[in-house]
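Visitor: Sharing entry.cif below, mmCIF, C-alpha atoms:
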```
data_query
#
loop_
_atom_site.label_atom_id
_atom_site.label_comp_id
_atom_site.auth_asym_id
_atom_site.auth_seq_id
_atom_site.Cartn_x
_atom_site.Cartn_y
_atom_site.Cartn_z
CA MET E 1 -3.85 65.50 122.75
CA ALA E 2 -3.70 61.84 121.91
CA ASP E 3 -0.18 62.31 120.46
CA TYR E 4 0.86 64.11 123.61
CA LEU E 5 -0.49 61.31 125.80
CA LYS E 6 1.25 58.67 123.69
CA LYS E 7 4.50 60.62 123.81
CA ASN E 8 4.20 61.14 127.54
CA ALA E 9 3.42 57.44 128.12
CA SER E 10 6.41 56.51 125.99
CA GLN E 11 8.67 58.80 128.03
CA GLU E 12 7.31 57.30 131.27
CA GLU E 13 7.97 53.77 130.03
CA THR E 14 11.49 54.76 129.01
CA SER E 15 12.07 56.39 132.41
CA ALA E 16 10.75 53.31 134.26
CA ALA E 17 12.99 51.05 132.18
CA LEU E 18 16.02 53.20 132.96
CA GLN E 19 15.14 53.15 136.67
CA ASP E 20 14.87 49.34 136.65
CA GLN E 21 18.21 49.05 134.91
CA LEU E 22 19.87 51.37 137.41
CA GLU E 23 18.47 49.40 140.36
CA LYS E 24 19.62 46.15 138.79
CA ASP E 25 23.13 47.51 138.21
CA ALA E 26 23.27 48.80 141.78
CA GLY E 27 22.23 45.37 143.09
CA ASN E 28 24.93 43.70 141.03
CA GLU E 29 27.51 46.12 142.38
CA ILE E 30 26.46 45.36 145.98
CA THR E 31 26.68 41.62 145.32
CA LYS E 32 30.11 41.92 143.74
CA GLU E 33 31.30 44.13 146.60
CA GLY E 34 30.10 41.50 149.10
CA GLU E 35 31.88 38.77 147.20
CA ARG E 36 35.10 40.81 147.16
CA LYS E 37 34.83 41.34 150.93
CA ASP E 38 34.30 37.61 151.49
CA GLU E 39 37.37 36.88 149.40
CA LEU E 40 39.41 39.27 151.55
CA LYS E 41 38.34 37.50 154.81
CA PRO E 42 41.04 35.15 156.20
CA ALA E 43 40.24 31.45 156.13
CA VAL E 44 39.36 29.95 159.56
CA SER E 45 40.96 26.59 160.30
CA ALA E 46 39.11 23.75 161.98
CA SER E 47 41.25 24.09 165.09
CA GLU E 48 40.47 27.81 165.36
CA SER E 49 36.72 27.11 165.14
CA VAL E 50 36.90 25.14 168.39
CA ALA E 51 36.73 27.15 171.59
CA VAL E 52 40.20 27.94 172.95
CA LEU E 53 41.04 25.98 176.10
CA SER E 54 42.18 27.78 179.22
CA LYS E 55 45.71 27.24 180.57
CA LYS E 56 44.37 25.09 183.38
CA ALA E 57 42.35 22.95 180.97
CA LEU E 58 45.37 22.57 178.66
CA LYS E 59 47.55 21.41 181.56
CA ARG E 60 44.87 18.96 182.64
CA LYS E 61 44.63 17.66 179.06
CA GLU E 62 48.42 17.28 178.82
CA ARG E 63 48.57 15.40 182.13
CA PHE E 64 45.81 13.03 180.98
CA GLU E 65 47.52 12.37 177.63
CA HIS E 66 50.84 11.78 179.41
CA LYS E 67 49.19 9.36 181.82
CA MET E 68 47.53 7.47 178.97
CA ALA E 69 50.84 7.23 177.12
CA ILE E 70 52.56 5.74 180.20
CA LYS E 71 49.69 3.30 180.65
CA LYS E 72 49.95 2.23 177.01
CA ARG E 73 53.72 1.65 177.32
CA ARG E 74 53.28 -0.38 180.50
CA LYS E 75 50.59 -2.50 178.89
CA GLU E 76 52.83 -3.18 175.91
CA HIS E 77 55.77 -4.02 178.19
CA THR E 78 53.62 -6.44 180.22
CA LYS E 79 52.42 -8.08 177.02
CA GLN E 80 55.97 -8.52 175.75
CA ALA E 81 57.13 -9.93 179.10
CA LYS E 82 54.22 -12.38 179.09
CA HIS E 83 55.07 -13.60 175.59
CA ALA E 84 58.76 -13.90 176.46
CA LYS E 85 57.98 -15.96 179.58
CA ALA E 86 55.63 -18.21 177.60
CA ALA E 87 58.31 -18.75 174.93
CA LEU E 88 60.85 -19.80 177.57
CA GLU E 89 58.35 -22.25 179.05
CA GLY E 90 57.44 -23.62 175.63
CA ARG E 91 53.78 -22.54 175.92
CA ASP E 92 51.50 -21.51 173.08
CA LEU E 93 49.56 -18.47 174.29
CA GLU E 94 47.21 -18.47 171.31
CA LYS E 95 46.30 -22.10 171.93
CA GLU E 96 45.68 -21.36 175.63
CA ARG E 97 43.49 -18.41 174.72
CA LEU E 98 41.37 -20.55 172.41
CA GLU E 99 41.01 -23.24 175.09
CA ASP E 100 39.95 -20.61 177.68
CA GLU E 101 37.39 -19.23 175.23
CA LYS E 102 36.06 -22.73 174.59
CA ARG E 103 35.69 -23.40 178.34
CA ARG E 104 33.97 -20.05 178.82
CA LYS E 105 31.39 -20.76 176.14
CA SER E 106 30.74 -24.26 177.45
CA GLY E 107 30.39 -23.06 181.06
CA GLU E 108 33.13 -25.41 182.23
CA GLY E 109 35.08 -22.61 183.89
CA TRP E 110 32.05 -21.40 185.85
CA ARG E 111 31.22 -24.92 187.03
CA ARG E 112 34.81 -25.42 188.17
CA ARG E 113 34.84 -22.17 190.14
CA GLU E 114 31.41 -22.90 191.61
CA LYS E 115 32.53 -26.35 192.77
CA ALA E 116 35.66 -24.88 194.36
CA LEU E 117 33.56 -22.28 196.21
CA MET E 118 31.07 -24.83 197.53
CA ASP E 119 33.92 -27.12 198.59
CA ARG E 120 35.51 -24.27 200.55
CA ILE E 121 32.21 -23.38 202.20
CA ARG E 122 31.51 -26.97 203.26
CA ALA E 123 35.05 -27.49 204.52
CA SER E 124 35.27 -24.18 206.41
CA ALA E 125 31.91 -22.61 207.25
CA ASP E 126 30.42 -25.69 208.91
CA SER E 127 33.07 -25.52 211.64
CA SER E 128 33.27 -21.73 211.99
CA PHE E 129 31.52 -18.87 213.71
CA GLN E 130 28.79 -17.10 211.74
CA VAL E 131 28.28 -13.42 210.96
CA CYS E 132 24.95 -11.57 210.87
CA LEU E 133 24.26 -8.10 209.48
CA ASP E 134 21.41 -6.43 211.37
CA CYS E 135 19.50 -4.10 209.02
CA SER E 136 16.86 -2.98 211.50
CA PHE E 137 18.02 0.67 211.47
CA GLU E 138 16.76 1.61 208.01
CA ASP E 139 13.99 3.87 209.34
CA LYS E 140 16.65 6.00 211.08
CA MET E 141 18.78 6.58 207.97
CA VAL E 142 18.44 8.74 204.86
CA PHE E 143 18.54 7.29 201.34
CA LYS E 144 22.23 8.07 200.83
CA GLU E 145 23.10 6.05 203.95
CA ILE E 146 20.79 3.20 202.93
CA ASN E 147 22.44 3.09 199.51
CA SER E 148 25.84 2.90 201.19
CA LEU E 149 24.63 0.06 203.42
CA SER E 150 23.45 -1.96 200.41
CA SER E 151 26.92 -1.54 198.86
CA GLN E 152 28.57 -2.70 202.08
CA ILE E 153 26.43 -5.86 202.06
CA ARG E 154 27.62 -6.56 198.53
CA TYR E 155 31.24 -6.09 199.61
CA CYS E 156 30.75 -8.56 202.46
CA TYR E 157 29.28 -11.17 200.13
CA ALA E 158 32.13 -10.70 197.62
CA SER E 159 34.81 -10.92 200.34
CA ASN E 160 33.29 -14.13 201.66
CA LYS E 161 33.33 -15.67 198.16
CA ARG E 162 37.03 -14.84 197.73
CA ALA E 163 38.05 -15.97 201.23
CA SER E 164 40.07 -19.15 201.60
CA ARG E 165 38.09 -19.89 204.79
CA PRO E 166 34.57 -18.46 204.26
CA VAL E 167 31.87 -18.29 206.93
CA TYR E 168 28.09 -18.36 206.87
CA LEU E 169 26.82 -14.82 206.36
CA SER E 170 23.21 -13.86 207.08
CA VAL E 171 21.32 -10.57 206.78
CA THR E 172 18.27 -9.96 208.98
CA SER E 173 15.51 -7.33 208.81
CA LEU E 174 16.27 -7.00 205.10
CA SER E 175 13.36 -5.13 203.56
CA GLY E 176 12.33 -1.72 202.25
CA GLN E 177 14.80 0.36 200.28
CA THR E 178 17.83 -1.73 201.28
CA ARG E 179 16.35 -4.84 199.70
CA SER E 180 15.08 -2.89 196.67
CA LEU E 181 18.61 -1.65 195.99
CA LEU E 182 20.06 -5.15 196.32
CA GLU E 183 17.44 -6.58 193.97
CA LYS E 184 18.86 -4.33 191.26
CA VAL E 185 22.09 -6.33 191.50
CA ASP E 186 22.37 -9.09 188.94
CA GLY E 187 21.88 -12.49 190.59
CA PHE E 188 20.30 -11.31 193.85
CA PRO E 189 18.84 -13.15 195.66
CA GLU E 190 18.72 -16.43 193.69
CA GLY E 191 22.43 -16.43 192.88
CA TRP E 192 23.47 -15.56 196.45
CA VAL E 193 21.37 -17.83 198.62
CA GLY E 194 22.99 -21.18 199.31
CA ARG E 195 26.50 -19.94 198.64
CA GLY E 196 27.31 -19.16 202.26
CA PHE E 197 24.59 -16.49 202.30
CA GLU E 198 21.07 -16.26 203.70
CA PHE E 199 18.71 -13.34 204.31
CA TYR E 200 15.53 -12.85 206.33
CA GLU E 201 12.88 -10.16 206.50
CA GLU E 202 12.36 -11.00 210.16
CA SER E 203 14.43 -9.58 213.01
CA MET E 204 17.52 -11.50 214.13
CA GLU E 205 16.08 -12.52 217.51
CA LYS E 206 13.24 -14.30 215.68
CA VAL E 207 15.36 -16.38 213.28
CA LEU E 208 18.59 -16.91 215.24
CA ASP E 209 19.39 -18.38 218.64
CA LYS E 210 19.70 -15.41 221.03
CA THR E 211 22.01 -17.33 223.33
CA LYS E 212 24.60 -17.54 220.53
CA LEU E 213 24.44 -13.89 219.47
CA VAL E 214 27.27 -11.45 220.23
CA TYR E 215 26.59 -7.87 219.12
CA LEU E 216 29.80 -6.13 218.03
CA THR E 217 29.86 -2.46 219.03
CA SER E 218 32.63 -0.05 220.00
CA ASP E 219 30.44 1.11 222.93
CA SER E 220 30.76 -2.24 224.67
CA ASP E 221 33.02 -2.68 227.71
CA ASN E 222 33.87 -6.27 226.74
CA VAL E 223 36.95 -6.70 224.54
CA LEU E 224 36.78 -9.63 222.12
CA GLU E 225 40.04 -11.51 222.59
CA THR E 226 39.08 -14.73 220.83
CA LEU E 227 36.38 -15.78 218.37
CA ASP E 228 34.12 -18.62 219.43
CA ASP E 229 33.14 -20.93 216.55
CA ASP E 230 29.82 -21.59 218.26
CA LYS E 231 28.80 -17.91 218.21
CA VAL E 232 27.05 -15.63 215.73
CA TYR E 233 28.71 -12.22 215.64
CA VAL E 234 26.28 -9.42 214.80
CA ILE E 235 27.32 -6.28 212.91
CA GLY E 236 24.91 -3.36 213.12
CA GLY E 237 23.84 -2.09 209.70
CA ILE E 238 24.42 1.56 210.56
CA VAL E 239 26.24 3.95 208.24
CA ASP E 240 26.43 7.21 210.22
CA ARG E 241 27.36 6.06 213.72
CA ASN E 242 28.33 9.58 214.77
CA ARG E 243 24.73 10.64 214.27
CA LEU E 244 23.21 7.43 215.65
CA LYS E 245 25.40 7.09 218.70
CA ARG E 246 24.88 4.00 220.90
CA ALA E 247 22.11 2.77 218.57
CA ALA E 248 23.68 -0.71 218.29
CA ILE E 249 24.38 -1.24 222.00
CA ASN E 250 20.95 0.11 222.96
CA ARG E 251 19.31 -2.44 220.67
CA ALA E 252 21.45 -5.26 222.05
CA GLU E 253 20.67 -4.33 225.65
CA GLU E 254 16.94 -4.11 224.90
CA LEU E 255 17.03 -7.66 223.49
CA GLY E 256 19.29 -8.97 226.23
CA ILE E 257 22.06 -9.89 223.80
CA GLN E 258 25.72 -10.13 224.79
CA THR E 259 27.96 -7.35 223.43
CA ALA E 260 31.67 -7.08 222.65
CA LYS E 261 34.12 -4.85 220.79
CA LEU E 262 37.08 -5.67 218.61
CA PRO E 263 40.54 -5.03 220.14
CA ILE E 264 41.21 -2.30 217.58
CA SER E 265 42.97 0.15 219.91
CA GLN E 266 45.44 -2.57 220.96
CA TYR E 267 46.53 -3.71 217.50
CA LEU E 268 45.47 -1.00 215.05
CA GLN E 269 46.12 2.75 215.06
CA LEU E 270 43.27 4.80 213.62
CA PHE E 271 43.94 8.53 213.23
CA SER E 272 40.40 9.80 212.74
CA THR E 273 37.81 7.47 214.27
CA LYS E 274 37.39 4.01 215.73
CA VAL E 275 34.19 3.52 213.77
CA LEU E 276 34.47 1.01 210.92
CA THR E 277 32.08 0.19 208.09
CA CYS E 278 30.21 -3.12 208.07
CA ASN E 279 32.42 -4.64 205.39
CA HIS E 280 35.59 -3.55 207.23
CA VAL E 281 34.46 -5.33 210.39
CA PHE E 282 33.52 -8.40 208.34
CA ASP E 283 36.93 -8.42 206.64
CA ILE E 284 38.67 -8.18 210.03
CA LEU E 285 36.78 -11.24 211.25
CA LEU E 286 37.65 -13.18 208.07
CA ASN E 287 41.32 -12.18 208.15
CA HIS E 288 41.60 -13.07 211.85
CA ARG E 289 40.45 -16.59 211.03
CA GLU E 290 42.68 -16.93 207.96
CA CYS E 291 45.73 -15.69 209.91
CA GLY E 292 45.41 -18.37 212.55
CA GLU E 293 43.34 -16.24 214.93
CA ASN E 294 46.13 -13.70 215.36
CA TRP E 295 44.88 -10.14 215.84
CA LYS E 296 48.32 -8.65 215.16
CA GLN E 297 48.31 -9.96 211.60
#
```
Reformat the file's structure so that it appears as structure tokens.
Guide:
Amino acid sequence: MADYLKKNASQEETSAALQDQLEKDAGNEITKEGERKDELKPAVSASESVAVLSKKALKRKERFEHKMAIKKRRKEHTKQAKHAKAALEGRDLEKERLEDEKRRKSGEGWRRREKALMDRIRASADSSFQVCLDCSFEDKMVFKEINSLSSQIRYCYASNKRASRPVYLSVTSLSGQTRSLLEKVDGFPEGWVGRGFEFYEESMEKVLDKTKLVYLTSDSDNVLETLDDDKVYVIGGIVDRNRLKRAAINRAEELGIQTAKLPISQYLQLFSTKVLTCNHVFDILLNHRECGENWKQ
């Protein structure tokens, strides 16, 4: 019995060993088969791994690359023309570049530009009409319109700085979201005030002489033929005038302020609307003064 048990145990061990070997061989075969399949798979290039662009996207990409190539050639041509001109004039561009960099670091260039601006303001604005932007309509506008108004104020300030004959520009009723948006601009208000610009939280009738105010609105019956240097021309800070119809003239009439409209229909053809943005009206007033008070120009 004991011999039988030993023999049987030995046979079982041998059978288990054979089974393990068979499973191991089968596993090796599966692994080798997988490796052979992987070897048969075609190699995928880096370009094929990227998602294929549509025809429309490819055309858009080609147009962009073509545009960039033209821009690069133009830039190189301009650079060559600049160097050729400098060579004919006997100038050293590298020396000029170093001198400009030196002035920039020392602040000399900024001081020179600042002096030129203040000289223009003193020579021109003291003997000119003034312009006021009335921002008392904020509670009637949505945020998108208020954001647009703040941008228009910035454009007015920038145009006045560049003008050869600047005027004094003031903004009244500046508060709330309009002021918050402007305060995000670098330099406002410290860098603006005193450079032909002032702003007030109070309403215009409280800080300016009402007898000198002329509210510009297309709803007025009075056509502005000439600009009086003793007047303050008010531009309503309204973005959507189609929605807020007659808002400017209603405010002017309530305050007893004189109104007038620019002679746009006589000298300018507008195909869509006679309504202009604040900065467009401001630019028209500046250009009229710089062109010798000629509306046609």
Visitor: Determine, counting all atoms listed in the file, which protein, DNA and RNA residues have an atom within 7 Å of an atom of Phe129 in chain E; residues of the same chain fewer than 6 positions away are not included. Present the result as a PDB file with C-alpha atoms, in the frame of the given file.
Guide:
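Saved to result.pdb:
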```pdb
ATOM      1  CA  VAL E 167      31.870 -18.290 206.930  1.00  0.00           C
ATOM      2  CA  ASP E 228      34.120 -18.620 219.430  1.00  0.00           C
ATOM      3  CA  ASP E 229      33.140 -20.930 216.550  1.00  0.00           C
ATOM      4  CA  ASP E 230      29.820 -21.590 218.260  1.00  0.00           C
ATOM      5  CA  LYS E 231      28.800 -17.910 218.210  1.00  0.00           C
ATOM      6  CA  VAL E 232      27.050 -15.630 215.730  1.00  0.00           C
TER       7      VAL E 232
END
```
Visitor: Work out how far CA of Leu213 in chain E is from CA of Leu255 in chain E, in Å to one decimal.
Guide: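 If I compute the distance from CA of Leu255 in chain E to CA of Leu213 in chain E, I get 10.5 Å.
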Visitor: Under the rule that all atoms listed in the file are counted, which of E:Thr277, E:Ser124, E:Ser265, E:Gln80 is the nearest residue to Ser164 in chain E?
Guide: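 Among the listed residues, E:Ser124 lies closest to Ser164 in chain E.
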Visitor: Calculate how many Å separate CA of Arg120 in chain E from CA of Gly196 in chain E, rounding to one decimal.
Guide: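 According to the coordinates, CA of Arg120 in chain E and CA of Gly196 in chain E are separated by 9.8 Å.
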Visitor: CA of Gly176 in chain E and CA of Leu286 in chain E, how far apart in Å?
Guide: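 According to the coordinates, CA of Leu286 in chain E and CA of Gly176 in chain E are separated by 28.4 Å.
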Visitor: Kindly resolve the PyMOL selection byres ((chain E and resi 178-188) around 10) on the present coordinates and return the residues as an MDAnalysis selection string.
Guide: chainID E and resid 135 138 143 145:151 153:154 173:177 189:193 199 201
Visitor: I need the residue nearest Gly194 in chain E from this list: E:Ser128, E:Ser170, E:Ser159, E:Ser136. Use all atoms listed in the file for the distance.
Guide: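 Nearest to Gly194 in chain E: E:Ser170.
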Visitor: From the list E:Gln130, E:Gln258, E:Asn242, E:Thr78, which residue is nearest Lys210 in chain E when using only C-alpha atoms?
Guide: E:Gln258
Visitor: What residues have an atom no more than 12 Å from (34.3, -12.3, 200.2) in the file's own frame, counting all atoms listed in the file, and can you write them as a tab-separated table (two decimals) with C-alpha atoms, in the coordinates of the input?
Guide:
```tsv
chain	number	residue	atom	x	y	z
E	117	LEU	CA	33.56	-22.28	196.21
E	121	ILE	CA	32.21	-23.38	202.20
E	152	GLN	CA	28.57	-2.70	202.08
E	153	ILE	CA	26.43	-5.86	202.06
E	154	ARG	CA	27.62	-6.56	198.53
E	155	TYR	CA	31.24	-6.09	199.61
E	156	CYS	CA	30.75	-8.56	202.46
E	157	TYR	CA	29.28	-11.17	200.13
E	158	ALA	CA	32.13	-10.70	197.62
E	159	SER	CA	34.81	-10.92	200.34
E	160	ASN	CA	33.29	-14.13	201.66
E	161	LYS	CA	33.33	-15.67	198.16
E	162	ARG	CA	37.03	-14.84	197.73
E	163	ALA	CA	38.05	-15.97	201.23
E	164	SER	CA	40.07	-19.15	201.60
E	165	ARG	CA	38.09	-19.89	204.79
E	166	PRO	CA	34.57	-18.46	204.26
E	167	VAL	CA	31.87	-18.29	206.93
E	168	TYR	CA	28.09	-18.36	206.87
E	169	LEU	CA	26.82	-14.82	206.36
E	192	TRP	CA	23.47	-15.56	196.45
E	195	ARG	CA	26.50	-19.94	198.64
E	196	GLY	CA	27.31	-19.16	202.26
E	197	PHE	CA	24.59	-16.49	202.30
E	279	ASN	CA	32.42	-4.64	205.39
E	280	HIS	CA	35.59	-3.55	207.23
E	282	PHE	CA	33.52	-8.40	208.34
E	283	ASP	CA	36.93	-8.42	206.64
E	284	ILE	CA	38.67	-8.18	210.03
E	285	LEU	CA	36.78	-11.24	211.25
E	286	LEU	CA	37.65	-13.18	208.07
E	287	ASN	CA	41.32	-12.18	208.15
```
Visitor: Adding 5 Å on each side of the box along x, y and z that holds all listed atoms of range 241-259 of chain E, could you give its centre and edge lengths in Å to one decimal, as AutoDock Vina command-line options?
Guide:
```
--center_x 22.6 --center_y 0.3 --center_z 220.0 --size_x 21.4 --size_y 30.8 --size_z 22.5
```
Visitor: Between E:Asn294, E:Asp240, E:Gly256, E:Ala116, which residue has the minimum interatomic distance to Leu227 in chain E, considering only C-alpha atoms?
Guide: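 Looking at the shortest contact to Leu227 in chain E, the residue is E:Asn294.
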Visitor: Applied to this file, what does the PyMOL selection byres ((chain E and resi 221) around 12) return in terms of residues, put as a VMD selection string?
Guide: chain E and resid 215 to 220 222 to 224 249 258 to 263
Visitor: Between E:Met141, E:Leu133, E:Ala248, E:Cys278, which one has atoms that come closest to Tyr233 in chain E, using only C-alpha atoms?
Guide: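 Of E:Met141, E:Leu133, E:Ala248, E:Cys278, the one nearest Tyr233 in chain E, counting only C-alpha atoms, is E:Leu133.
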Visitor: May I ask which of the residues E:Trp295, E:Phe137, E:Tyr200, E:Phe64 is the closest one to Gly236 in chain E, counting all atoms listed in the file?
Guide: E:Phe137
